[in-house]
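Source file: input_7.cif; contents: mmCIF, C-alpha atoms and all ligand atoms.
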data_data
#
loop_
_atom_site.label_atom_id
_atom_site.label_comp_id
_atom_site.auth_asym_id
_atom_site.auth_seq_id
_atom_site.Cartn_x
_atom_site.Cartn_y
_atom_site.Cartn_z
CA MET O 1 4.75 87.48 -166.00
CA LYS O 2 2.12 85.21 -167.55
CA THR O 3 2.26 81.47 -166.93
CA THR O 4 3.22 79.77 -170.20
CA VAL O 5 2.10 76.33 -171.29
CA PHE O 6 2.78 74.17 -174.34
CA VAL O 7 0.12 71.90 -175.85
CA SER O 8 1.82 69.22 -177.94
CA ARG O 9 -0.94 68.87 -180.54
CA LYS O 10 -4.27 70.42 -181.55
CA ILE O 11 -6.92 69.31 -179.07
CA PRO O 12 -10.63 70.19 -178.74
CA ARG O 13 -11.03 73.94 -178.31
CA ALA O 14 -12.75 73.60 -174.91
CA GLY O 15 -9.42 72.58 -173.35
CA ILE O 16 -7.54 75.57 -174.74
CA ASP O 17 -10.35 77.88 -173.56
CA ILE O 18 -9.94 76.67 -169.97
CA LEU O 19 -6.20 77.39 -170.08
CA GLU O 20 -6.68 80.83 -171.62
CA GLU O 21 -9.50 81.76 -169.24
CA ALA O 22 -7.11 80.95 -166.38
CA GLY O 23 -4.87 83.69 -167.78
CA MET O 24 -2.20 81.52 -169.34
CA ALA O 25 -0.21 82.13 -172.49
CA VAL O 26 -0.89 78.99 -174.53
CA GLU O 27 1.27 77.77 -177.39
CA VAL O 28 -0.13 74.87 -179.42
CA ASN O 29 1.86 72.75 -181.85
CA PRO O 30 0.45 74.19 -185.10
CA GLU O 31 0.95 70.95 -187.05
CA ASP O 32 -1.48 68.09 -186.73
CA ARG O 33 1.18 65.44 -186.20
CA VAL O 34 3.27 63.91 -183.43
CA LEU O 35 6.33 66.05 -182.69
CA THR O 36 9.81 64.54 -182.66
CA ALA O 37 11.60 64.46 -179.30
CA GLU O 38 13.66 67.46 -180.38
CA GLU O 39 10.61 69.44 -181.52
CA LEU O 40 8.79 68.66 -178.27
CA MET O 41 11.78 69.95 -176.36
CA VAL O 42 11.84 73.15 -178.40
CA GLY O 43 8.12 73.64 -177.72
CA CYS O 44 8.56 73.15 -173.96
CA ARG O 45 11.68 75.25 -173.61
CA GLY O 46 11.08 77.96 -171.00
CA LYS O 47 7.44 76.89 -170.47
CA ASP O 48 5.87 76.34 -167.05
CA GLY O 49 3.49 73.56 -168.07
CA LEU O 50 2.90 70.87 -170.67
CA LEU O 51 -0.35 69.32 -171.90
CA CYS O 52 0.68 66.21 -173.82
CA LEU O 53 -0.72 63.07 -175.43
CA LEU O 54 -0.03 59.35 -175.26
CA THR O 55 2.09 59.66 -178.42
CA ASP O 56 4.61 61.93 -176.65
CA THR O 57 7.50 60.21 -174.88
CA ILE O 58 8.33 62.02 -171.65
CA ASP O 59 11.33 60.10 -170.35
CA ARG O 60 14.07 60.76 -167.81
CA ALA O 61 16.33 62.44 -170.39
CA PHE O 62 13.51 64.80 -171.43
CA LEU O 63 12.68 65.66 -167.83
CA LYS O 64 16.33 66.33 -167.02
CA LYS O 65 16.44 68.98 -169.73
CA MET O 66 12.95 70.37 -168.98
CA SER O 67 13.23 70.52 -165.20
CA GLN O 68 11.64 74.01 -165.16
CA LEU O 69 8.25 72.35 -165.85
CA LYS O 70 5.84 72.73 -162.92
CA GLY O 71 3.34 70.19 -164.17
CA ILE O 72 2.49 67.75 -166.97
CA ALA O 73 -1.12 66.90 -167.90
CA ASN O 74 -1.51 63.80 -170.08
CA MET O 75 -4.71 63.78 -172.15
CA ALA O 76 -5.24 60.03 -171.67
CA VAL O 77 -6.04 57.67 -168.81
CA GLY O 78 -2.96 55.53 -169.56
CA TYR O 79 0.33 57.25 -168.76
CA ASN O 80 2.91 54.65 -169.79
CA ASN O 81 4.39 57.30 -172.12
CA ILE O 82 5.63 59.29 -169.11
CA ASP O 83 8.35 58.32 -166.64
CA VAL O 84 6.19 59.38 -163.70
CA ASN O 85 8.82 58.37 -161.12
CA ALA O 86 11.48 60.51 -162.77
CA ALA O 87 8.98 63.39 -162.78
CA ALA O 88 8.21 62.81 -159.07
CA GLU O 89 11.94 62.87 -158.24
CA ARG O 90 12.02 66.37 -159.71
CA GLY O 91 8.81 67.35 -157.90
CA ILE O 92 6.85 67.58 -161.16
CA PRO O 93 3.25 66.39 -160.78
CA VAL O 94 1.72 64.37 -163.63
CA SER O 95 -2.03 63.96 -164.21
CA ASN O 96 -4.22 61.75 -166.40
CA THR O 97 -7.90 61.71 -167.46
CA PRO O 98 -9.62 58.75 -165.75
CA GLY O 99 -13.33 58.03 -166.01
CA VAL O 100 -14.39 60.46 -168.73
CA LEU O 101 -13.48 57.98 -171.48
CA THR O 102 -14.68 54.78 -169.83
CA GLU O 103 -17.98 54.46 -171.72
CA ALA O 104 -16.51 55.37 -175.12
CA ALA O 105 -13.65 52.88 -174.67
CA ALA O 106 -16.06 50.16 -173.55
CA ASP O 107 -18.37 50.83 -176.52
CA LEU O 108 -15.47 50.56 -178.94
CA THR O 109 -14.27 47.37 -177.25
CA TRP O 110 -17.71 45.88 -177.64
CA ALA O 111 -18.00 46.94 -181.28
CA LEU O 112 -14.59 45.37 -181.94
CA LEU O 113 -15.54 42.15 -180.16
CA VAL O 114 -18.70 41.75 -182.22
CA ALA O 115 -16.90 42.76 -185.43
CA THR O 116 -14.25 40.11 -184.76
CA ALA O 117 -16.71 37.33 -183.91
CA ARG O 118 -18.94 38.12 -186.89
CA ARG O 119 -16.11 38.88 -189.35
CA LEU O 120 -17.48 42.32 -190.22
CA SER O 121 -14.31 43.83 -191.72
CA GLU O 122 -13.67 40.80 -193.90
CA ALA O 123 -17.29 40.71 -195.07
CA GLU O 124 -17.34 44.41 -195.93
CA ARG O 125 -14.06 44.15 -197.86
CA TYR O 126 -15.60 41.27 -199.87
CA LEU O 127 -18.72 43.28 -200.66
CA ARG O 128 -16.78 46.40 -201.66
CA ALA O 129 -14.59 44.27 -203.91
CA GLY O 130 -17.76 43.36 -205.85
CA GLU O 131 -17.61 39.70 -204.83
CA PHE O 132 -21.08 39.49 -203.27
CA THR O 133 -23.26 37.45 -205.59
CA GLY O 134 -26.10 36.74 -203.17
CA TRP O 135 -26.98 35.20 -199.79
CA GLY O 136 -25.13 31.98 -199.05
CA PRO O 137 -25.72 29.36 -196.32
CA LEU O 138 -22.01 29.19 -195.57
CA LEU O 139 -21.13 32.81 -196.28
CA PHE O 140 -19.00 34.42 -193.53
CA LEU O 141 -19.97 32.19 -190.66
CA GLY O 142 -18.71 33.56 -187.35
CA GLY O 143 -19.02 32.77 -183.65
CA ASP O 144 -22.01 33.11 -181.30
CA LEU O 145 -21.98 35.39 -178.25
CA PRO O 146 -24.95 34.32 -176.08
CA GLY O 147 -24.09 31.69 -173.49
CA ARG O 148 -20.36 32.11 -174.13
CA THR O 149 -17.79 33.10 -171.53
CA LEU O 150 -16.21 36.54 -171.53
CA GLY O 151 -12.83 36.72 -169.78
CA ILE O 152 -11.90 40.20 -168.58
CA ILE O 153 -8.22 40.78 -167.80
CA GLY O 154 -8.00 43.98 -165.75
CA ALA O 155 -11.38 44.66 -164.17
CA GLY O 156 -11.04 48.39 -163.52
CA ARG O 157 -13.27 51.12 -164.94
CA ILE O 158 -13.25 50.02 -168.60
CA GLY O 159 -13.15 46.27 -167.86
CA THR O 160 -16.24 46.67 -165.68
CA ALA O 161 -18.07 48.73 -168.32
CA VAL O 162 -17.33 46.01 -170.89
CA GLY O 163 -18.73 43.45 -168.46
CA VAL O 164 -21.94 45.49 -168.19
CA ARG O 165 -22.30 45.47 -171.98
CA SER O 166 -21.93 41.68 -172.14
CA GLN O 167 -25.16 41.26 -170.19
CA GLY O 168 -27.26 42.37 -173.14
CA PHE O 169 -25.71 39.40 -174.96
CA ARG O 170 -26.36 36.98 -172.07
CA MET O 171 -22.70 36.09 -171.64
CA LYS O 172 -21.02 34.60 -168.55
CA ILE O 173 -18.25 36.65 -166.99
CA ILE O 174 -14.96 35.58 -165.45
CA TYR O 175 -12.21 38.05 -164.63
CA THR O 176 -8.70 38.38 -163.30
CA ASP O 177 -7.45 41.38 -161.33
CA PRO O 178 -5.37 41.83 -158.18
CA ASN O 179 -8.50 43.40 -156.62
CA ARG O 180 -11.98 41.96 -156.27
CA ASN O 181 -14.66 43.68 -158.34
CA MET O 182 -18.01 43.67 -156.54
CA VAL O 183 -19.96 45.07 -159.52
CA LEU O 184 -18.88 42.11 -161.65
CA GLU O 185 -19.41 39.59 -158.85
CA GLU O 186 -22.61 40.82 -157.22
CA GLU O 187 -24.47 42.56 -160.02
CA LEU O 188 -23.29 40.53 -163.03
CA ASP O 189 -22.69 37.14 -161.44
CA GLY O 190 -19.04 37.22 -162.48
CA ARG O 191 -16.31 35.05 -160.96
CA ARG O 192 -12.73 36.02 -160.16
CA VAL O 193 -10.25 33.39 -161.37
CA GLU O 194 -6.50 32.95 -161.89
CA LEU O 195 -5.13 34.04 -165.26
CA ASP O 196 -4.52 30.46 -166.45
CA THR O 197 -8.12 29.47 -165.65
CA LEU O 198 -9.40 32.52 -167.52
CA LEU O 199 -7.25 31.67 -170.54
CA ALA O 200 -8.50 28.09 -170.64
CA GLN O 201 -12.21 28.81 -170.04
CA SER O 202 -12.93 31.99 -172.00
CA ASP O 203 -14.48 32.19 -175.45
CA PHE O 204 -13.63 35.90 -175.65
CA ILE O 205 -10.73 37.49 -173.79
CA THR O 206 -10.64 41.26 -173.45
CA LEU O 207 -7.63 43.17 -172.10
CA HIS O 208 -8.01 46.27 -169.89
CA VAL O 209 -4.81 46.46 -167.85
CA PRO O 210 -2.53 49.50 -167.81
CA LEU O 211 0.82 49.02 -169.54
CA THR O 212 3.48 48.54 -166.86
CA GLU O 213 6.65 46.46 -166.62
CA GLU O 214 4.47 43.73 -165.09
CA THR O 215 1.86 43.69 -167.88
CA ARG O 216 4.26 44.01 -170.84
CA HIS O 217 3.77 40.80 -172.89
CA LEU O 218 1.22 39.54 -170.37
CA ILE O 219 -0.17 37.62 -173.35
CA GLY O 220 2.58 35.70 -175.14
CA SER O 221 2.92 32.30 -176.80
CA ARG O 222 2.45 30.40 -173.51
CA GLU O 223 -0.83 32.21 -172.80
CA LEU O 224 -2.07 31.94 -176.40
CA ARG O 225 -1.45 28.18 -176.33
CA ARG O 226 -3.65 27.92 -173.24
CA MET O 227 -6.59 29.58 -175.02
CA LYS O 228 -9.31 27.61 -176.79
CA LYS O 229 -8.87 27.17 -180.54
CA THR O 230 -12.30 28.77 -180.97
CA ALA O 231 -11.51 31.79 -178.75
CA TYR O 232 -10.98 35.42 -179.70
CA LEU O 233 -8.57 37.95 -178.19
CA ILE O 234 -9.61 41.62 -177.99
CA ASN O 235 -7.07 44.30 -177.07
CA THR O 236 -8.02 47.95 -176.54
CA SER O 237 -5.54 48.52 -173.67
CA ARG O 238 -1.99 49.08 -174.93
CA GLY O 239 -0.20 47.22 -177.73
CA PRO O 240 2.82 45.92 -175.78
CA VAL O 241 0.52 44.01 -173.38
CA VAL O 242 0.44 41.41 -176.19
CA ASP O 243 3.52 39.82 -177.77
CA GLU O 244 2.48 40.63 -181.34
CA GLU O 245 4.91 38.18 -182.95
CA ALA O 246 3.41 35.36 -180.87
CA LEU O 247 -0.11 36.54 -181.72
CA VAL O 248 0.60 36.46 -185.45
CA GLU O 249 1.92 32.89 -185.11
CA ALA O 250 -1.15 31.85 -183.07
CA LEU O 251 -3.52 33.28 -185.68
CA GLN O 252 -1.58 31.83 -188.60
CA SER O 253 -1.51 28.34 -187.07
CA GLY O 254 -5.16 28.47 -185.96
CA GLU O 255 -4.27 28.28 -182.25
CA ILE O 256 -6.99 30.89 -181.67
CA ALA O 257 -9.93 31.92 -183.88
CA GLY O 258 -9.36 35.64 -184.24
CA ALA O 259 -8.19 38.92 -182.74
CA GLY O 260 -9.63 42.40 -182.54
CA LEU O 261 -6.99 45.08 -181.97
CA ASP O 262 -7.24 48.82 -181.42
CA VAL O 263 -3.64 49.10 -180.20
CA PHE O 264 -0.32 47.76 -181.47
CA GLU O 265 3.08 46.93 -180.09
CA LYS O 266 5.04 49.41 -182.23
CA GLU O 267 2.34 51.94 -183.07
CA PRO O 268 1.82 53.29 -185.70
CA HIS O 269 3.78 50.42 -187.31
CA ILE O 270 1.54 47.39 -187.84
CA HIS O 271 3.05 43.91 -187.96
CA PRO O 272 2.83 42.85 -191.64
CA GLY O 273 1.60 39.43 -190.50
CA LEU O 274 -1.47 41.05 -188.97
CA LEU O 275 -2.20 43.02 -192.12
CA SER O 276 -2.41 39.83 -194.16
CA LEU O 277 -4.60 37.89 -191.69
CA PRO O 278 -8.34 38.02 -192.39
CA SER O 279 -9.08 36.80 -188.85
CA ALA O 280 -7.68 40.03 -187.38
CA VAL O 281 -9.85 43.15 -187.14
CA LEU O 282 -7.55 46.17 -186.90
CA LEU O 283 -8.43 49.71 -185.79
CA PRO O 284 -6.21 52.84 -185.61
CA HIS O 285 -6.33 53.39 -181.80
CA ILE O 286 -9.77 55.03 -181.67
CA GLY O 287 -10.96 53.73 -178.28
CA SER O 288 -11.87 57.16 -176.89
CA ALA O 289 -12.54 58.83 -180.23
CA THR O 290 -15.96 60.43 -179.84
CA ILE O 291 -16.50 64.18 -180.04
CA GLU O 292 -17.99 64.32 -176.53
CA THR O 293 -15.32 62.14 -174.93
CA ARG O 294 -12.33 63.90 -176.48
CA THR O 295 -13.86 67.23 -175.41
CA ARG O 296 -14.20 65.99 -171.83
CA MET O 297 -10.63 64.65 -171.91
CA ALA O 298 -9.27 68.01 -173.13
CA GLU O 299 -11.23 69.87 -170.43
CA MET O 300 -10.06 67.50 -167.71
CA ALA O 301 -6.41 67.70 -168.78
CA ALA O 302 -6.66 71.51 -168.89
CA ARG O 303 -8.24 71.73 -165.42
CA ASN O 304 -5.46 69.56 -164.03
CA LEU O 305 -2.82 71.75 -165.66
CA VAL O 306 -4.43 74.92 -164.29
CA ALA O 307 -4.27 73.45 -160.75
CA MET O 308 -0.61 72.52 -161.22
CA MET O 309 0.23 75.98 -162.50
CA LYS O 310 -1.29 77.45 -159.32
CA GLY O 311 1.01 75.21 -157.30
CA GLU O 312 -1.90 72.99 -156.21
CA ARG O 313 -2.08 69.22 -156.32
CA PRO O 314 -4.04 68.34 -159.52
CA PRO O 315 -7.29 66.41 -158.98
CA ASP O 316 -6.02 63.51 -161.10
CA CYS O 317 -2.40 63.31 -159.96
CA VAL O 318 -0.72 59.96 -160.69
CA ASN O 319 2.70 60.41 -159.16
CA LEU O 320 3.04 62.60 -156.07
P1 LIG H 401 -8.22 51.21 -164.37
O1 LIG H 401 -7.02 51.62 -163.59
O2 LIG H 401 -9.57 51.60 -163.87
O3 LIG H 401 -8.21 49.61 -164.55
C1 LIG H 401 -7.07 48.84 -164.73
C2 LIG H 401 -7.26 47.54 -163.95
O4 LIG H 401 -6.20 46.64 -164.29
C3 LIG H 401 -7.22 47.73 -162.43
O5 LIG H 401 -8.37 47.19 -161.84
C4 LIG H 401 -5.96 46.99 -162.01
O6 LIG H 401 -6.06 46.42 -160.72
C5 LIG H 401 -5.86 45.94 -163.11
N1 LIG H 401 -4.56 45.32 -163.27
C6 LIG H 401 -3.33 45.88 -163.15
N2 LIG H 401 -2.37 44.96 -163.37
C7 LIG H 401 -3.02 43.78 -163.63
C8 LIG H 401 -2.58 42.47 -163.95
N3 LIG H 401 -1.27 42.18 -164.04
N4 LIG H 401 -3.51 41.52 -164.18
C9 LIG H 401 -4.82 41.81 -164.08
N5 LIG H 401 -5.29 43.03 -163.78
C10 LIG H 401 -4.41 44.01 -163.56
O7 LIG H 401 -7.98 51.77 -165.83
P2 LIG H 401 -9.08 52.01 -166.99
O8 LIG H 401 -9.58 53.39 -166.91
O9 LIG H 401 -10.03 50.86 -167.00
O10 LIG H 401 -8.12 51.94 -168.29
C11 LIG H 401 -7.39 50.75 -168.56
C12 LIG H 401 -6.39 50.98 -169.67
O11 LIG H 401 -7.07 51.09 -170.90
C13 LIG H 401 -5.59 52.29 -169.57
O12 LIG H 401 -4.46 52.16 -168.75
C14 LIG H 401 -5.22 52.57 -171.01
O13 LIG H 401 -3.93 52.08 -171.27
C15 LIG H 401 -6.26 51.79 -171.82
N6 LIG H 401 -7.12 52.66 -172.64
C16 LIG H 401 -7.08 52.57 -173.99
C17 LIG H 401 -7.92 53.34 -174.77
C18 LIG H 401 -7.90 53.26 -176.28
O14 LIG H 401 -8.05 54.28 -176.93
N7 LIG H 401 -7.77 52.09 -176.87
C19 LIG H 401 -8.81 54.24 -174.17
C20 LIG H 401 -8.82 54.32 -172.80
C21 LIG H 401 -7.97 53.53 -172.04
#

Show me this structure written as structure tokens.
Ligand code: NAD
Amino acid sequence: MKTTVFVSRKIPRAGIDILEEAGMAVEVNPEDRVLTAEELMVGCRGKDGLLCLLTDTIDRAFLKKMSQLKGIANMAVGYNNIDVNAAAERGIPVSNTPGVLTEAAADLTWALLVATARRLSEAERYLRAGEFTGWGPLLFLGGDLPGRTLGIIGAGRIGTAVGVRSQGFRMKIIYTDPNRNMVLEEELDGRRVELDTLLAQSDFITLHVPLTEETRHLIGSRELRRMKKTAYLINTSRGPVVDEEALVEALQSGEIAGAGLDVFEKEPHIHPGLLSLPSAVLLPHIGSATIETRTRMAEMAARNLVAMMKGERPPDCVNL
């Protein structure tokens, strides 16, 4: 009997090849859209393994019904979409894809930070609308980067890579993380501070924490009030890390200068307040979206699933 696996959405071919070369019968969701909970269940019924995405909710109820699964490979570094403890209770290993997307996510974060400070989206919309009548001394003035302070919340792989990029712009680094980060401190002259100090001193705040019960709404109205009026908030981590309602109010009242967001609290729904705010630069969750990175993520997820299907501990296990 062949091992059977379900892939919840079309992914780069290299990932499917790895599964097939390992002798597995692979079924891929033929439609290029997120499956409903019911459809995902139908796809997984009777299968040994699942390769899923951050848009699939794998909760306790799902796992109870799909307890025949011998492994779940998430094609993302964040795994807040999976109840990993409930999976562990059933002996189901779960894996993620750390590292292979760090540079792409940091590049996108940096592009978003610059776009927010220099009002790129707003300026392009103006030009495309035919409103550009010539250079102007006060046209689309933004904020400087050199000499300013970058506050990194969550100094793991991506937070560190963002810190590295800030050096080309001669920025000062402060960060907050339960662990010390020697790359930021020793190589980039960064300083570890308490969250409240970071909020008060930063000109740019960039979020790189995983979404957990502890980090949900880590940035709410209290934290936004502590930020400088001239500061910008950049979020490429997970939407619910920021209280979006509070962010809209802070932007509307001018409590902060702007926000650059790649992720949203109720994705793919976007708060209408954000859509109408020119000081917000909004992207459709494309942090890791390069051809090379998504290929590496698909390969890594597939290799993890192959290990799980052989009864081995996957190299990137997050729960057992
Ligand atoms: P990582 O585990 O290397 O880093 C996370 C860091 O956050 C760790 O150093 C951890 O100690 C720290 N942290 C945890 N709780 C904290 C808290 N309360 N306050 C401060 N720091 C805290 O993870 P990574 O590879 O850098 O990825 C970070 C996150 O980025 C992922 O979990 C994922 O959700 C998100 N991500 C988004 C995209 C995108 O497409 N926008 C792409 C990749 C990753």

### Query
Counting all atoms listed in the file, what residues are within 6 Å of ligand LIG 401 (chain H), given as a VMD selection string?
chain O and resid 77 to 78 98 105 153 to 159 176 to 179 208 to 211 215 236 to 238 262 285 to 288

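The closest residue to Arg294 in chain O, picked from O:Ile58, O:Val34, O:Ile18, O:Leu101 and counting only C-alpha atoms, is O:Leu101.
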
### Message
Residues within 6 Å of Val7 in chain O, please, as number ranges by chain. Count all atoms listed in the file; anything in the same chain fewer than 3 positions from it doesn't count.
### Response
O: 28, 50-51

### Message
What's around Asn81 in chain O at 7 Å? Count all atoms listed in the file, leave out sequence neighbours fewer than 5 positions away in its own chain, and write the answer as an MDAnalysis selection string.
### Response
chainID O and resid 54 56:58

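Counting only C-alpha atoms, the residue from O:Tyr79, O:Ala257, O:Gln252, O:Gly168 that sits nearest to Gly143 in chain O is O:Ala257.
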
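Each of O:Val306, O:Leu40, O:Leu112, O:Leu150 was compared to Ala259 in chain O using only C-alpha atoms, and O:Leu112 turns out to be the nearest.
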
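Shortest atom-to-atom contact with Ala104 in chain O among O:Ile174, O:Val162, O:Ile152, O:Val183: O:Val162, counting all atoms listed in the file.
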
Counting only C-alpha atoms, what are the residues of range 65-143 of chain O within 10 Å of range 217-235 of chain O, and for each of them which pair of atoms is the nearest and at what distance in Å, to one decimal? Sort the table by chain and rising number, as a tab-separated table.
residue	atom	partner	partner_atom	distance
O:Thr109	CA	O:Ile234	CA	7.4
O:Trp110	CA	O:Ile234	CA	9.2
O:Leu112	CA	O:Ile234	CA	7.4
O:Leu113	CA	O:Ile234	CA	6.3
O:Thr116	CA	O:Tyr232	CA	7.6
O:Ala117	CA	O:Tyr232	CA	7.4
O:Gly143	CA	O:Thr230	CA	8.3

### Query
Which is closest to Ser202 in chain O among O:Val42, O:Lys172, O:Val318, O:Gly151, if we use all atoms listed in the file?
O:Gly151

Taking all atoms of range 62-69 of chain O that the file lists, what box with edges along x, y and z, padded by 6 Å per side, do you get, with centre and edge lengths in Å to one decimal, as JSON?
{"center_x": 12.3, "center_y": 69.4, "center_z": -168.3, "size_x": 20.2, "size_y": 21.2, "size_z": 18.3}

### Message
Excluding range 186-189 of chain O and its own-chain neighbours fewer than 2 positions away, which residues fall within 8 Å of it when counting only C-alpha atoms? Please give them as a PyMOL selection string.
### Response
chain O and resi 163-164+167+172-173+182-184+191

## Note on the structure
note - CA of Gly239 in chain O and CA of Arg90 in chain O are separated by 29.0 Å

Do a neighbour search on Asn85 in chain O at 7 Å with only C-alpha atoms, toss out local chain neighbours closer than 3 positions, and write the hits as a CSV table (one decimal) with C-alpha atoms, keeping the file's coordinate frame.
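And here's selection15.csv as it stands now:
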chain,number,residue,atom,x,y,z
O,88,ALA,CA,8.2,62.8,-159.1
O,89,GLU,CA,11.9,62.9,-158.2
O,319,ASN,CA,2.7,60.4,-159.2

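Considering all atoms listed in the file, the residue among O:Leu283, O:Ala123, O:Val94, O:Ile16 positioned nearest to Asn304 in chain O is O:Val94.
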
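Straight-line separation from CA of Thr290 in chain O to CA of Pro268 in chain O: 20.0 Å.
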
Subset file as a PDB file, in the first residue's frame: range 131-142 of chain O, N, CA and C atoms:
ATOM      1  N   GLU O 131      -2.316  63.301 -11.674  1.00  0.00           N
ATOM      2  CA  GLU O 131      -2.256  64.556 -10.911  1.00  0.00           C
ATOM      3  C   GLU O 131      -0.872  65.188 -10.876  1.00  0.00           C
ATOM      4  N   PHE O 132       0.132  64.510 -11.401  1.00  0.00           N
ATOM      5  CA  PHE O 132       1.505  65.031 -11.338  1.00  0.00           C
ATOM      6  C   PHE O 132       1.697  66.129 -12.386  1.00  0.00           C
ATOM      7  N   THR O 133       1.895  67.341 -11.902  1.00  0.00           N
ATOM      8  CA  THR O 133       2.054  68.452 -12.837  1.00  0.00           C
ATOM      9  C   THR O 133       3.477  69.001 -12.839  1.00  0.00           C
ATOM     10  N   GLY O 134       4.369  68.323 -12.121  1.00  0.00           N
ATOM     11  CA  GLY O 134       5.771  68.761 -12.102  1.00  0.00           C
ATOM     12  C   GLY O 134       6.341  68.747 -10.699  1.00  0.00           C
ATOM     13  N   TRP O 135       7.679  68.773 -10.622  1.00  0.00           N
ATOM     14  CA  TRP O 135       8.396  68.734  -9.340  1.00  0.00           C
ATOM     15  C   TRP O 135       7.889  69.822  -8.401  1.00  0.00           C
ATOM     16  N   GLY O 136       7.758  69.502  -7.138  1.00  0.00           N
ATOM     17  CA  GLY O 136       7.310  70.522  -6.181  1.00  0.00           C
ATOM     18  C   GLY O 136       8.123  70.464  -4.906  1.00  0.00           C
ATOM     19  N   PRO O 137       8.496  71.617  -4.335  1.00  0.00           N
ATOM     20  CA  PRO O 137       9.351  71.618  -3.131  1.00  0.00           C
ATOM     21  C   PRO O 137       8.675  70.992  -1.916  1.00  0.00           C
ATOM     22  N   LEU O 138       7.375  70.903  -1.925  1.00  0.00           N
ATOM     23  CA  LEU O 138       6.675  70.311  -0.778  1.00  0.00           C
ATOM     24  C   LEU O 138       5.906  69.051  -1.167  1.00  0.00           C
ATOM     25  N   LEU O 139       6.256  68.518  -2.355  1.00  0.00           N
ATOM     26  CA  LEU O 139       5.510  67.362  -2.855  1.00  0.00           C
ATOM     27  C   LEU O 139       5.947  66.068  -2.162  1.00  0.00           C
ATOM     28  N   PHE O 140       5.019  65.414  -1.496  1.00  0.00           N
ATOM     29  CA  PHE O 140       5.232  64.104  -0.848  1.00  0.00           C
ATOM     30  C   PHE O 140       6.468  64.050   0.045  1.00  0.00           C
ATOM     31  N   LEU O 141       6.541  64.961   0.971  1.00  0.00           N
ATOM     32  CA  LEU O 141       7.662  64.920   1.910  1.00  0.00           C
ATOM     33  C   LEU O 141       7.451  63.764   2.880  1.00  0.00           C
ATOM     34  N   GLY O 142       8.497  62.989   3.101  1.00  0.00           N
ATOM     35  CA  GLY O 142       8.422  61.861   4.025  1.00  0.00           C
ATOM     36  C   GLY O 142       9.392  62.016   5.173  1.00  0.00           C
TER      37      GLY O 142
END
